[in-house]
file input-v4.tsv (TSV, N, CA and C atoms)
chain	number	residue	atom	x	y	z
B	65	MET	N	-4.38	20.05	67.65
B	65	MET	CA	-5.55	19.78	68.45
B	65	MET	C	-5.45	20.57	69.75
B	66	GLU	N	-6.49	21.30	70.05
B	66	GLU	CA	-6.53	22.11	71.27
B	66	GLU	C	-7.08	21.27	72.42
B	67	HIS	N	-6.40	21.34	73.56
B	67	HIS	CA	-6.84	20.62	74.76
B	67	HIS	C	-7.11	21.63	75.87
B	68	ARG	N	-8.20	21.44	76.60
B	68	ARG	CA	-8.57	22.34	77.70
B	68	ARG	C	-8.75	21.55	78.99
B	69	VAL	N	-8.30	22.14	80.08
B	69	VAL	CA	-8.53	21.56	81.40
B	69	VAL	C	-8.77	22.72	82.37
B	70	ALA	N	-9.72	22.54	83.27
B	70	ALA	CA	-10.12	23.62	84.19
B	70	ALA	C	-9.65	23.35	85.62
B	71	TYR	N	-9.34	24.43	86.30
B	71	TYR	CA	-8.93	24.37	87.71
B	71	TYR	C	-9.57	25.53	88.46
B	72	LYS	N	-9.91	25.28	89.69
B	72	LYS	CA	-10.40	26.34	90.57
B	72	LYS	C	-9.20	26.93	91.30
B	73	VAL	N	-9.19	28.25	91.46
B	73	VAL	CA	-8.11	28.92	92.18
B	73	VAL	C	-8.41	28.84	93.68
B	74	TYR	N	-7.49	28.22	94.42
B	74	TYR	CA	-7.63	28.07	95.86
B	74	TYR	C	-6.75	29.08	96.59
B	75	TYR	N	-7.00	29.22	97.87
B	75	TYR	CA	-6.26	30.15	98.71
B	75	TYR	C	-4.75	29.91	98.60
B	76	GLU	N	-4.36	28.64	98.57
B	76	GLU	CA	-2.94	28.29	98.50
B	76	GLU	C	-2.27	28.77	97.21
B	77	ASP	N	-3.07	29.09	96.19
B	77	ASP	CA	-2.54	29.56	94.91
B	77	ASP	C	-2.28	31.06	94.89
B	78	THR	N	-2.76	31.77	95.90
B	78	THR	CA	-2.76	33.23	95.86
B	78	THR	C	-1.74	33.85	96.81
B	79	ASP	N	-1.51	35.15	96.58
B	79	ASP	CA	-0.65	35.92	97.48
B	79	ASP	C	-1.53	36.67	98.47
B	80	SER	N	-0.97	37.59	99.20
B	80	SER	CA	-1.70	38.31	100.24
B	80	SER	C	-2.79	39.23	99.69
B	81	LEU	N	-2.77	39.50	98.40
B	81	LEU	CA	-3.80	40.34	97.78
B	81	LEU	C	-4.93	39.51	97.17
B	82	GLY	N	-4.84	38.18	97.29
B	82	GLY	CA	-5.89	37.32	96.75
B	82	GLY	C	-5.79	37.06	95.26
B	83	VAL	N	-4.63	37.37	94.67
B	83	VAL	CA	-4.42	37.06	93.26
B	83	VAL	C	-3.42	35.91	93.15
B	84	VAL	N	-3.49	35.19	92.04
B	84	VAL	CA	-2.59	34.04	91.86
B	84	VAL	C	-1.15	34.53	91.83
B	85	TYR	N	-0.33	33.93	92.68
B	85	TYR	CA	1.10	34.21	92.72
B	85	TYR	C	1.70	33.77	91.38
B	86	TYR	N	2.52	34.61	90.79
B	86	TYR	CA	2.98	34.40	89.41
B	86	TYR	C	3.59	33.02	89.18
B	87	ALA	N	4.37	32.50	90.12
B	87	ALA	CA	5.04	31.22	89.92
B	87	ALA	C	4.05	30.06	89.87
B	88	ASN	N	2.86	30.24	90.42
B	88	ASN	CA	1.88	29.15	90.40
B	88	ASN	C	1.31	28.90	89.02
B	89	TYR	N	1.43	29.88	88.12
B	89	TYR	CA	1.00	29.63	86.73
B	89	TYR	C	1.85	28.52	86.10
B	90	LEU	N	3.11	28.40	86.54
B	90	LEU	CA	3.95	27.31	86.05
B	90	LEU	C	3.34	25.95	86.41
B	91	LYS	N	2.77	25.85	87.60
B	91	LYS	CA	2.12	24.60	88.01
B	91	LYS	C	0.89	24.33	87.16
B	92	PHE	N	0.11	25.37	86.91
B	92	PHE	CA	-1.10	25.19	86.11
B	92	PHE	C	-0.76	24.73	84.69
B	93	ILE	N	0.24	25.35	84.07
B	93	ILE	CA	0.55	24.95	82.70
B	93	ILE	C	1.24	23.58	82.65
B	94	GLU	N	1.99	23.23	83.69
B	94	GLU	CA	2.57	21.88	83.77
B	94	GLU	C	1.45	20.85	83.82
B	95	ARG	N	0.44	21.11	84.63
B	95	ARG	CA	-0.71	20.20	84.70
B	95	ARG	C	-1.39	20.12	83.34
B	96	GLY	N	-1.49	21.25	82.66
B	96	GLY	CA	-2.10	21.25	81.33
B	96	GLY	C	-1.35	20.36	80.35
B	97	ARG	N	-0.01	20.41	80.39
B	97	ARG	CA	0.78	19.55	79.50
B	97	ARG	C	0.62	18.08	79.88
B	98	THR	N	0.61	17.79	81.16
B	98	THR	CA	0.43	16.41	81.62
B	98	THR	C	-0.93	15.88	81.18
B	99	GLU	N	-1.97	16.69	81.29
B	99	GLU	CA	-3.31	16.28	80.86
B	99	GLU	C	-3.36	16.14	79.34
B	100	TRP	N	-2.63	16.99	78.61
B	100	TRP	CA	-2.57	16.86	77.16
B	100	TRP	C	-2.00	15.50	76.78
B	101	VAL	N	-0.91	15.10	77.42
B	101	VAL	CA	-0.31	13.79	77.15
B	101	VAL	C	-1.32	12.69	77.42
B	102	GLY	N	-1.98	12.74	78.57
B	102	GLY	CA	-2.97	11.72	78.90
B	102	GLY	C	-4.12	11.67	77.92
B	103	ALA	N	-4.49	12.81	77.36
B	103	ALA	CA	-5.58	12.86	76.39
B	103	ALA	C	-5.21	12.22	75.06
B	104	GLN	N	-3.91	11.96	74.87
B	104	GLN	CA	-3.47	11.31	73.64
B	104	GLN	C	-3.60	9.79	73.75
B	105	GLY	N	-4.11	9.30	74.88
B	105	GLY	CA	-4.43	7.88	74.99
B	105	GLY	C	-3.59	7.09	75.96
B	106	ARG	N	-2.61	7.73	76.58
B	106	ARG	CA	-1.73	6.99	77.49
B	106	ARG	C	-1.20	7.95	78.54
B	107	PRO	N	-1.32	7.60	79.83
B	107	PRO	CA	-0.84	8.52	80.86
B	107	PRO	C	0.67	8.71	80.84
B	108	ILE	N	1.11	9.85	81.32
B	108	ILE	CA	2.52	10.22	81.23
B	108	ILE	C	3.42	9.23	81.97
B	109	HIS	N	2.96	8.68	83.10
B	109	HIS	CA	3.83	7.76	83.85
B	109	HIS	C	4.15	6.51	83.04
B	110	GLU	N	3.25	6.10	82.14
B	110	GLU	CA	3.55	4.94	81.29
B	110	GLU	C	4.63	5.27	80.27
B	111	TRP	N	4.61	6.50	79.73
B	111	TRP	CA	5.68	6.92	78.83
B	111	TRP	C	7.01	6.92	79.58
B	112	ASN	N	7.01	7.43	80.81
B	112	ASN	CA	8.23	7.47	81.61
B	112	ASN	C	8.76	6.06	81.87
B	113	GLN	N	7.86	5.12	82.18
B	113	GLN	CA	8.28	3.74	82.42
B	113	GLN	C	8.95	3.13	81.19
B	114	ASP	N	8.55	3.57	80.01
B	114	ASP	CA	9.12	3.06	78.77
B	114	ASP	C	10.33	3.86	78.30
B	115	GLY	N	10.84	4.76	79.16
B	115	GLY	CA	12.06	5.49	78.84
B	115	GLY	C	11.87	6.77	78.06
B	116	PHE	N	10.66	7.27	78.00
B	116	PHE	CA	10.39	8.56	77.37
B	116	PHE	C	10.12	9.57	78.48
B	117	ASN	N	11.05	10.48	78.68
B	117	ASN	CA	10.93	11.48	79.73
B	117	ASN	C	10.91	12.85	79.07
B	118	PHE	N	10.02	13.70	79.52
B	118	PHE	CA	9.79	14.99	78.89
B	118	PHE	C	10.21	16.09	79.86
B	119	VAL	N	11.20	16.88	79.44
B	119	VAL	CA	11.74	17.92	80.33
B	119	VAL	C	11.69	19.28	79.65
B	120	VAL	N	11.55	20.31	80.46
B	120	VAL	CA	11.50	21.68	79.94
B	120	VAL	C	12.89	22.09	79.49
B	121	TYR	N	12.96	22.57	78.26
B	121	TYR	CA	14.20	23.09	77.68
B	121	TYR	C	14.22	24.62	77.82
B	122	SER	N	13.11	25.25	77.50
B	122	SER	CA	13.00	26.70	77.64
B	122	SER	C	11.54	27.09	77.74
B	123	LEU	N	11.31	28.29	78.26
B	123	LEU	CA	9.94	28.78	78.29
B	123	LEU	C	9.92	30.29	78.28
B	124	SER	N	8.82	30.80	77.77
B	124	SER	CA	8.57	32.23	77.71
B	124	SER	C	7.13	32.46	78.15
B	125	MET	N	6.93	33.42	79.05
B	125	MET	CA	5.57	33.70	79.55
B	125	MET	C	5.28	35.19	79.48
B	126	LYS	N	4.03	35.49	79.20
B	126	LYS	CA	3.53	36.86	79.25
B	126	LYS	C	2.35	36.89	80.20
B	127	PHE	N	2.43	37.77	81.18
B	127	PHE	CA	1.36	37.93	82.16
B	127	PHE	C	0.52	39.13	81.77
B	128	LYS	N	-0.75	38.90	81.50
B	128	LYS	CA	-1.63	39.95	81.02
B	128	LYS	C	-2.60	40.44	82.11
B	129	GLN	N	-3.17	39.49	82.84
B	129	GLN	CA	-4.09	39.80	83.93
B	129	GLN	C	-3.95	38.72	84.99
B	130	ALA	N	-4.44	39.02	86.16
B	130	ALA	CA	-4.33	38.06	87.26
B	130	ALA	C	-5.63	37.30	87.48
B	131	ALA	N	-5.49	36.02	87.79
B	131	ALA	CA	-6.62	35.24	88.28
B	131	ALA	C	-6.74	35.51	89.77
B	132	ARG	N	-7.95	35.35	90.29
B	132	ARG	CA	-8.21	35.67	91.69
B	132	ARG	C	-8.79	34.46	92.42
B	133	LEU	N	-8.70	34.52	93.72
B	133	LEU	CA	-9.24	33.48	94.59
B	133	LEU	C	-10.67	33.15	94.18
B	134	GLY	N	-10.93	31.87	93.97
B	134	GLY	CA	-12.27	31.41	93.61
B	134	GLY	C	-12.55	31.35	92.13
B	135	ASP	N	-11.69	31.94	91.29
B	135	ASP	CA	-11.89	31.89	89.84
B	135	ASP	C	-11.80	30.45	89.34
B	136	LEU	N	-12.52	30.19	88.27
B	136	LEU	CA	-12.36	28.94	87.54
B	136	LEU	C	-11.56	29.28	86.29
B	137	ILE	N	-10.34	28.75	86.23
B	137	ILE	CA	-9.47	29.04	85.09
B	137	ILE	C	-9.39	27.82	84.19
B	138	GLU	N	-9.04	28.06	82.93
B	138	GLU	CA	-8.81	26.98	81.98
B	138	GLU	C	-7.41	27.11	81.42
B	139	VAL	N	-6.73	25.98	81.33
B	139	VAL	CA	-5.44	25.92	80.67
B	139	VAL	C	-5.68	25.32	79.29
B	140	VAL	N	-5.32	26.07	78.26
B	140	VAL	CA	-5.53	25.67	76.88
B	140	VAL	C	-4.16	25.34	76.29
B	141	THR	N	-4.05	24.15	75.71
B	141	THR	CA	-2.76	23.66	75.22
B	141	THR	C	-2.86	23.19	73.78
B	142	THR	N	-1.90	23.62	72.96
B	142	THR	CA	-1.68	23.05	71.63
B	142	THR	C	-0.19	22.76	71.53
B	143	VAL	N	0.19	21.92	70.56
B	143	VAL	CA	1.60	21.55	70.44
B	143	VAL	C	2.01	21.47	68.98
B	144	ASP	N	3.25	21.89	68.72
B	144	ASP	CA	3.88	21.78	67.41
B	144	ASP	C	5.26	21.17	67.62
B	145	MET	N	5.68	20.36	66.66
B	145	MET	CA	7.03	19.81	66.71
B	145	MET	C	7.99	20.78	66.03
B	146	SER	N	9.05	21.17	66.74
B	146	SER	CA	10.07	22.02	66.14
B	146	SER	C	11.25	21.19	65.64
B	147	SER	N	11.35	19.95	66.09
B	147	SER	CA	12.34	18.99	65.61
B	147	SER	C	11.86	17.62	66.10
B	148	PRO	N	12.51	16.53	65.67
B	148	PRO	CA	12.10	15.21	66.18
B	148	PRO	C	12.32	15.05	67.69
B	149	TYR	N	13.14	15.95	68.26
B	149	TYR	CA	13.51	15.86	69.67
B	149	TYR	C	12.85	16.92	70.55
B	150	ARG	N	12.19	17.88	69.92
B	150	ARG	CA	11.66	19.02	70.68
B	150	ARG	C	10.25	19.36	70.24
B	151	ALA	N	9.39	19.55	71.24
B	151	ALA	CA	8.02	19.98	70.99
B	151	ALA	C	7.82	21.35	71.64
B	152	ARG	N	7.09	22.20	70.94
B	152	ARG	CA	6.74	23.51	71.50
B	152	ARG	C	5.27	23.48	71.89
B	153	PHE	N	5.03	23.66	73.18
B	153	PHE	CA	3.68	23.73	73.70
B	153	PHE	C	3.28	25.20	73.79
B	154	HIS	N	2.21	25.54	73.08
B	154	HIS	CA	1.63	26.87	73.17
B	154	HIS	C	0.50	26.77	74.18
B	155	GLN	N	0.61	27.52	75.25
B	155	GLN	CA	-0.38	27.40	76.32
B	155	GLN	C	-0.87	28.78	76.72
B	156	ARG	N	-2.11	28.79	77.16
B	156	ARG	CA	-2.65	30.02	77.73
B	156	ARG	C	-3.56	29.66	78.89
B	157	VAL	N	-3.63	30.58	79.84
B	157	VAL	CA	-4.53	30.44	80.97
B	157	VAL	C	-5.62	31.47	80.75
B	158	GLU	N	-6.86	30.99	80.79
B	158	GLU	CA	-8.01	31.86	80.56
B	158	GLU	C	-8.95	31.82	81.76
B	159	CYS	N	-9.70	32.89	81.90
B	159	CYS	CA	-10.80	32.94	82.87
B	159	CYS	C	-11.97	33.60	82.15
B	160	GLN	N	-13.04	32.87	82.00
B	160	GLN	CA	-14.23	33.35	81.28
B	160	GLN	C	-13.84	33.89	79.90
B	161	SER	N	-13.04	33.13	79.20
B	161	SER	CA	-12.57	33.43	77.83
B	161	SER	C	-11.61	34.62	77.73
B	162	VAL	N	-11.19	35.18	78.85
B	162	VAL	CA	-10.21	36.26	78.85
B	162	VAL	C	-8.83	35.63	79.07
B	163	VAL	N	-7.88	35.95	78.20
B	163	VAL	CA	-6.53	35.40	78.32
B	163	VAL	C	-5.80	36.13	79.45
B	164	LEU	N	-5.34	35.35	80.42
B	164	LEU	CA	-4.60	35.90	81.56
B	164	LEU	C	-3.09	35.77	81.37
B	165	VAL	N	-2.68	34.61	80.88
B	165	VAL	CA	-1.25	34.30	80.72
B	165	VAL	C	-1.07	33.54	79.42
B	166	GLU	N	0.01	33.85	78.71
B	166	GLU	CA	0.40	33.09	77.52
B	166	GLU	C	1.80	32.53	77.77
B	167	ALA	N	2.01	31.30	77.33
B	167	ALA	CA	3.32	30.67	77.51
B	167	ALA	C	3.66	29.81	76.30
B	168	ASP	N	4.92	29.85	75.93
B	168	ASP	CA	5.48	28.91	74.96
B	168	ASP	C	6.54	28.11	75.71
B	169	VAL	N	6.36	26.81	75.73
B	169	VAL	CA	7.25	25.93	76.49
B	169	VAL	C	7.85	24.90	75.54
B	170	ASP	N	9.18	24.90	75.42
B	170	ASP	CA	9.87	23.90	74.63
B	170	ASP	C	10.22	22.72	75.52
B	171	ILE	N	9.79	21.55	75.09
B	171	ILE	CA	10.01	20.31	75.82
B	171	ILE	C	10.89	19.40	74.97
B	172	VAL	N	11.90	18.81	75.58
B	172	VAL	CA	12.71	17.80	74.89
B	172	VAL	C	12.42	16.44	75.49
B	173	CYS	N	12.66	15.44	74.68
B	173	CYS	CA	12.47	14.06	75.12
B	173	CYS	C	13.84	13.45	75.39
B	174	VAL	N	14.00	12.84	76.56
B	174	VAL	CA	15.26	12.19	76.92
B	174	VAL	C	14.97	10.78	77.43
B	175	ASP	N	16.00	9.94	77.36
B	175	ASP	CA	15.87	8.57	77.87
B	175	ASP	C	16.28	8.53	79.35
B	176	GLY	N	16.34	7.35	79.92
B	176	GLY	CA	16.68	7.19	81.33
B	176	GLY	C	18.08	7.67	81.68
B	177	ALA	N	18.98	7.72	80.70
B	177	ALA	CA	20.34	8.21	80.91
B	177	ALA	C	20.44	9.71	80.61
B	178	ARG	N	19.29	10.35	80.41
B	178	ARG	CA	19.19	11.79	80.13
B	178	ARG	C	19.81	12.18	78.79
B	179	GLN	N	19.78	11.24	77.86
B	179	GLN	CA	20.25	11.51	76.50
B	179	GLN	C	19.04	11.81	75.61
B	180	LEU	N	19.22	12.76	74.68
B	180	LEU	CA	18.13	13.09	73.77
B	180	LEU	C	17.65	11.85	73.03
B	181	ARG	N	16.35	11.77	72.87
B	181	ARG	CA	15.77	10.74	72.02
B	181	ARG	C	14.57	11.34	71.32
B	182	GLU	N	14.20	10.77	70.20
B	182	GLU	CA	13.07	11.29	69.45
B	182	GLU	C	11.77	11.09	70.22
B	183	PHE	N	10.87	12.06	70.03
B	183	PHE	CA	9.53	11.92	70.59
B	183	PHE	C	8.86	10.69	69.96
B	184	PRO	N	8.10	9.96	70.73
B	184	PRO	CA	7.38	8.82	70.14
B	184	PRO	C	6.32	9.30	69.17
B	185	GLN	N	6.32	8.76	67.97
B	185	GLN	CA	5.36	9.18	66.95
B	185	GLN	C	3.92	8.93	67.38
B	186	SER	N	3.68	7.85	68.11
B	186	SER	CA	2.31	7.54	68.53
B	186	SER	C	1.77	8.60	69.49
B	187	LEU	N	2.62	9.24	70.25
B	187	LEU	CA	2.17	10.32	71.13
B	187	LEU	C	1.74	11.53	70.31
B	188	LEU	N	2.50	11.85	69.29
B	188	LEU	CA	2.24	13.04	68.50
B	188	LEU	C	1.13	12.83	67.48
B	189	ALA	N	0.82	11.58	67.19
B	189	ALA	CA	-0.23	11.30	66.21
B	189	ALA	C	-1.62	11.47	66.82
B	190	GLY	N	-1.69	11.46	68.17
B	190	GLY	CA	-2.98	11.54	68.86
B	190	GLY	C	-3.57	12.84	68.74

call {"tool": "encode", "arguments": {"input": "input-v4.tsv", "output": "structure tokens"}}
result
Amino acid sequence: MEHRVAYKVYYEDTDSLGVVYYANYLKFIERGRTEWVGAQGRPIHEWNQDGFNFVVYSLSMKFKQAARLGDLIEVVTTVDMSSPYRARFHQRVECQSVVLVEADVDIVCVDGARQLREFPQSLLAG
């Protein structure tokens, strides 16, 4: 299931040339993953309270074009399970249907003691 969320690019997101500073794309895609979780029917803080914590294991990004001050960008997120403990989020940042950034982010699920635990099936069924 594809999930989309839009953000406006503000001055604080850009560098001195008025383009989005590369590290800020990490914030945009993190928000996209958080919104994806919430779209499955339960906000992420409730999962955390129940001992399901989602942390980045690895990520790969490709920067194709830059977003600029004032642009309306969309973060598009899909997810696949690579194991019971790891989900791969395929994400892209678009502006007017043009792909600016592509990212694959592997997320693992851990408990409060930071030990691996299986992803909750009800989250992935949504």

call {"tool": "residues_near_point", "arguments": {"input": "input-v4.tsv", "point": "(10.9, 9.3, 77.5)", "cutoff": "7 Å", "atoms": "all atoms listed in the file", "output": "list in words"}}
result
Trp111, Asn112, Gln113, Asp114, Gly115, Phe116, Asn117, Phe118, Cys173, Val174, Asp175 and Gly176 of chain B

call {"tool": "atom_distance", "arguments": {"input": "input-v4.tsv", "atom1": "atom N of B:Gln129", "atom2": "atom C of B:Trp100"}}
result
24.8 Å

call {"tool": "atom_distance", "arguments": {"input": "input-v4.tsv", "atom1": "atom CA of B:Asp144", "atom2": "atom CA of B:Val69"}}
result
18.7 Å

call {"tool": "atom_distance", "arguments": {"input": "input-v4.tsv", "atom1": "atom CA of B:Ile108", "atom2": "atom C of B:Ala131"}}
result
28.3 Å

call {"tool": "residues_around", "arguments": {"input": "input-v4.tsv", "residues": "stretch 169-171 of chain B", "least_positions_apart": "2", "cutoff": "7 Å", "atoms": "only N, CA and C atoms", "output": "list in words"}}
result
Phe118, Val119, Val120, Tyr121, Ser122, Leu123, Ser124, Tyr149, Arg150, Ala151, Arg152, Phe153, His154, Gln155, Ala167 and Cys173 of chain B

call {"tool": "select_by_dssp", "arguments": {"input": "input-v4.tsv", "residues": "chain B", "states": "strand (DSSP E)", "output": "PyMOL selection string"}}
result
chain B and resi 67-72+117-127+136-147+150-159+162-174

call {"tool": "decode", "arguments": {"input": "input-v4.tsv", "residues": "stretch 83-117 of chain B", "atoms": "N, CA and C atoms", "output": "CSV table (one decimal), in the first residue's frame"}}
result
chain,number,residue,atom,x,y,z
B,83,VAL,N,18.2,25.8,-1.7
B,83,VAL,CA,17.8,24.4,-2.0
B,83,VAL,C,17.8,23.6,-0.7
B,84,VAL,N,17.0,22.5,-0.6
B,84,VAL,CA,17.0,21.7,0.6
B,84,VAL,C,18.3,21.1,0.9
B,85,TYR,N,18.8,21.4,2.1
B,85,TYR,CA,20.1,20.8,2.6
B,85,TYR,C,19.9,19.3,2.6
B,86,TYR,N,20.9,18.6,2.1
B,86,TYR,CA,20.7,17.1,1.9
B,86,TYR,C,20.3,16.4,3.1
B,87,ALA,N,20.8,16.7,4.3
B,87,ALA,CA,20.5,16.0,5.5
B,87,ALA,C,19.0,16.1,5.9
B,88,ASN,N,18.4,17.2,5.5
B,88,ASN,CA,17.0,17.4,5.8
B,88,ASN,C,16.0,16.4,5.1
B,89,TYR,N,16.5,15.8,4.1
B,89,TYR,CA,15.6,14.8,3.4
B,89,TYR,C,15.4,13.6,4.4
B,90,LEU,N,16.4,13.4,5.3
B,90,LEU,CA,16.3,12.3,6.3
B,90,LEU,C,15.1,12.7,7.2
B,91,LYS,N,14.9,13.9,7.6
B,91,LYS,CA,13.8,14.3,8.4
B,91,LYS,C,12.4,14.1,7.6
B,92,PHE,N,12.4,14.5,6.4
B,92,PHE,CA,11.2,14.3,5.6
B,92,PHE,C,10.8,12.8,5.5
B,93,ILE,N,11.8,11.9,5.2
B,93,ILE,CA,11.4,10.5,5.1
B,93,ILE,C,11.1,9.9,6.4
B,94,GLU,N,11.7,10.4,7.5
B,94,GLU,CA,11.3,9.9,8.9
B,94,GLU,C,9.9,10.3,9.1
B,95,ARG,N,9.5,11.5,8.8
B,95,ARG,CA,8.1,11.9,9.0
B,95,ARG,C,7.2,11.0,8.1
B,96,GLY,N,7.6,10.7,6.9
B,96,GLY,CA,6.8,9.8,6.1
B,96,GLY,C,6.6,8.5,6.7
B,97,ARG,N,7.6,7.9,7.3
B,97,ARG,CA,7.5,6.6,8.0
B,97,ARG,C,6.6,6.7,9.2
B,98,THR,N,6.7,7.7,9.9
B,98,THR,CA,5.8,7.9,11.1
B,98,THR,C,4.4,8.1,10.7
B,99,GLU,N,4.1,8.8,9.6
B,99,GLU,CA,2.8,9.0,9.1
B,99,GLU,C,2.2,7.7,8.5
B,100,TRP,N,3.1,6.9,7.9
B,100,TRP,CA,2.7,5.6,7.4
B,100,TRP,C,2.2,4.7,8.6
B,101,VAL,N,3.0,4.7,9.7
B,101,VAL,CA,2.5,3.9,10.8
B,101,VAL,C,1.2,4.4,11.3
B,102,GLY,N,1.0,5.7,11.5
B,102,GLY,CA,-0.3,6.2,11.9
B,102,GLY,C,-1.4,5.9,11.0
B,103,ALA,N,-1.1,5.8,9.7
B,103,ALA,CA,-2.2,5.5,8.7
B,103,ALA,C,-2.6,4.0,8.8
B,104,GLN,N,-1.9,3.2,9.5
B,104,GLN,CA,-2.2,1.8,9.7
B,104,GLN,C,-3.2,1.7,10.9
B,105,GLY,N,-3.6,2.8,11.5
B,105,GLY,CA,-4.7,2.7,12.5
B,105,GLY,C,-4.3,3.0,13.9
B,106,ARG,N,-3.0,3.2,14.2
B,106,ARG,CA,-2.6,3.5,15.5
B,106,ARG,C,-1.3,4.3,15.5
B,107,PRO,N,-1.3,5.4,16.3
B,107,PRO,CA,-0.1,6.3,16.2
B,107,PRO,C,1.1,5.6,16.8
B,108,ILE,N,2.3,6.0,16.3
B,108,ILE,CA,3.5,5.4,16.7
B,108,ILE,C,3.8,5.4,18.2
B,109,HIS,N,3.4,6.5,18.9
B,109,HIS,CA,3.7,6.5,20.3
B,109,HIS,C,3.0,5.4,21.1
B,110,GLU,N,1.8,5.0,20.6
B,110,GLU,CA,1.1,3.9,21.2
B,110,GLU,C,1.9,2.6,21.1
B,111,TRP,N,2.5,2.4,19.9
B,111,TRP,CA,3.3,1.2,19.7
B,111,TRP,C,4.5,1.2,20.6
B,112,ASN,N,5.1,2.4,20.8
B,112,ASN,CA,6.3,2.5,21.7
B,112,ASN,C,5.9,2.2,23.1
B,113,GLN,N,4.7,2.7,23.5
B,113,GLN,CA,4.2,2.4,24.9
B,113,GLN,C,4.0,0.9,25.1
B,114,ASP,N,3.7,0.2,24.1
B,114,ASP,CA,3.5,-1.2,24.2
B,114,ASP,C,4.8,-2.0,24.0
B,115,GLY,N,5.9,-1.3,23.9
B,115,GLY,CA,7.2,-2.0,23.8
B,115,GLY,C,7.6,-2.4,22.4
B,116,PHE,N,7.0,-1.8,21.4
B,116,PHE,CA,7.4,-1.9,20.0
B,116,PHE,C,8.1,-0.6,19.6
B,117,ASN,N,9.4,-0.7,19.4
B,117,ASN,CA,10.2,0.5,19.0
B,117,ASN,C,10.9,0.2,17.7
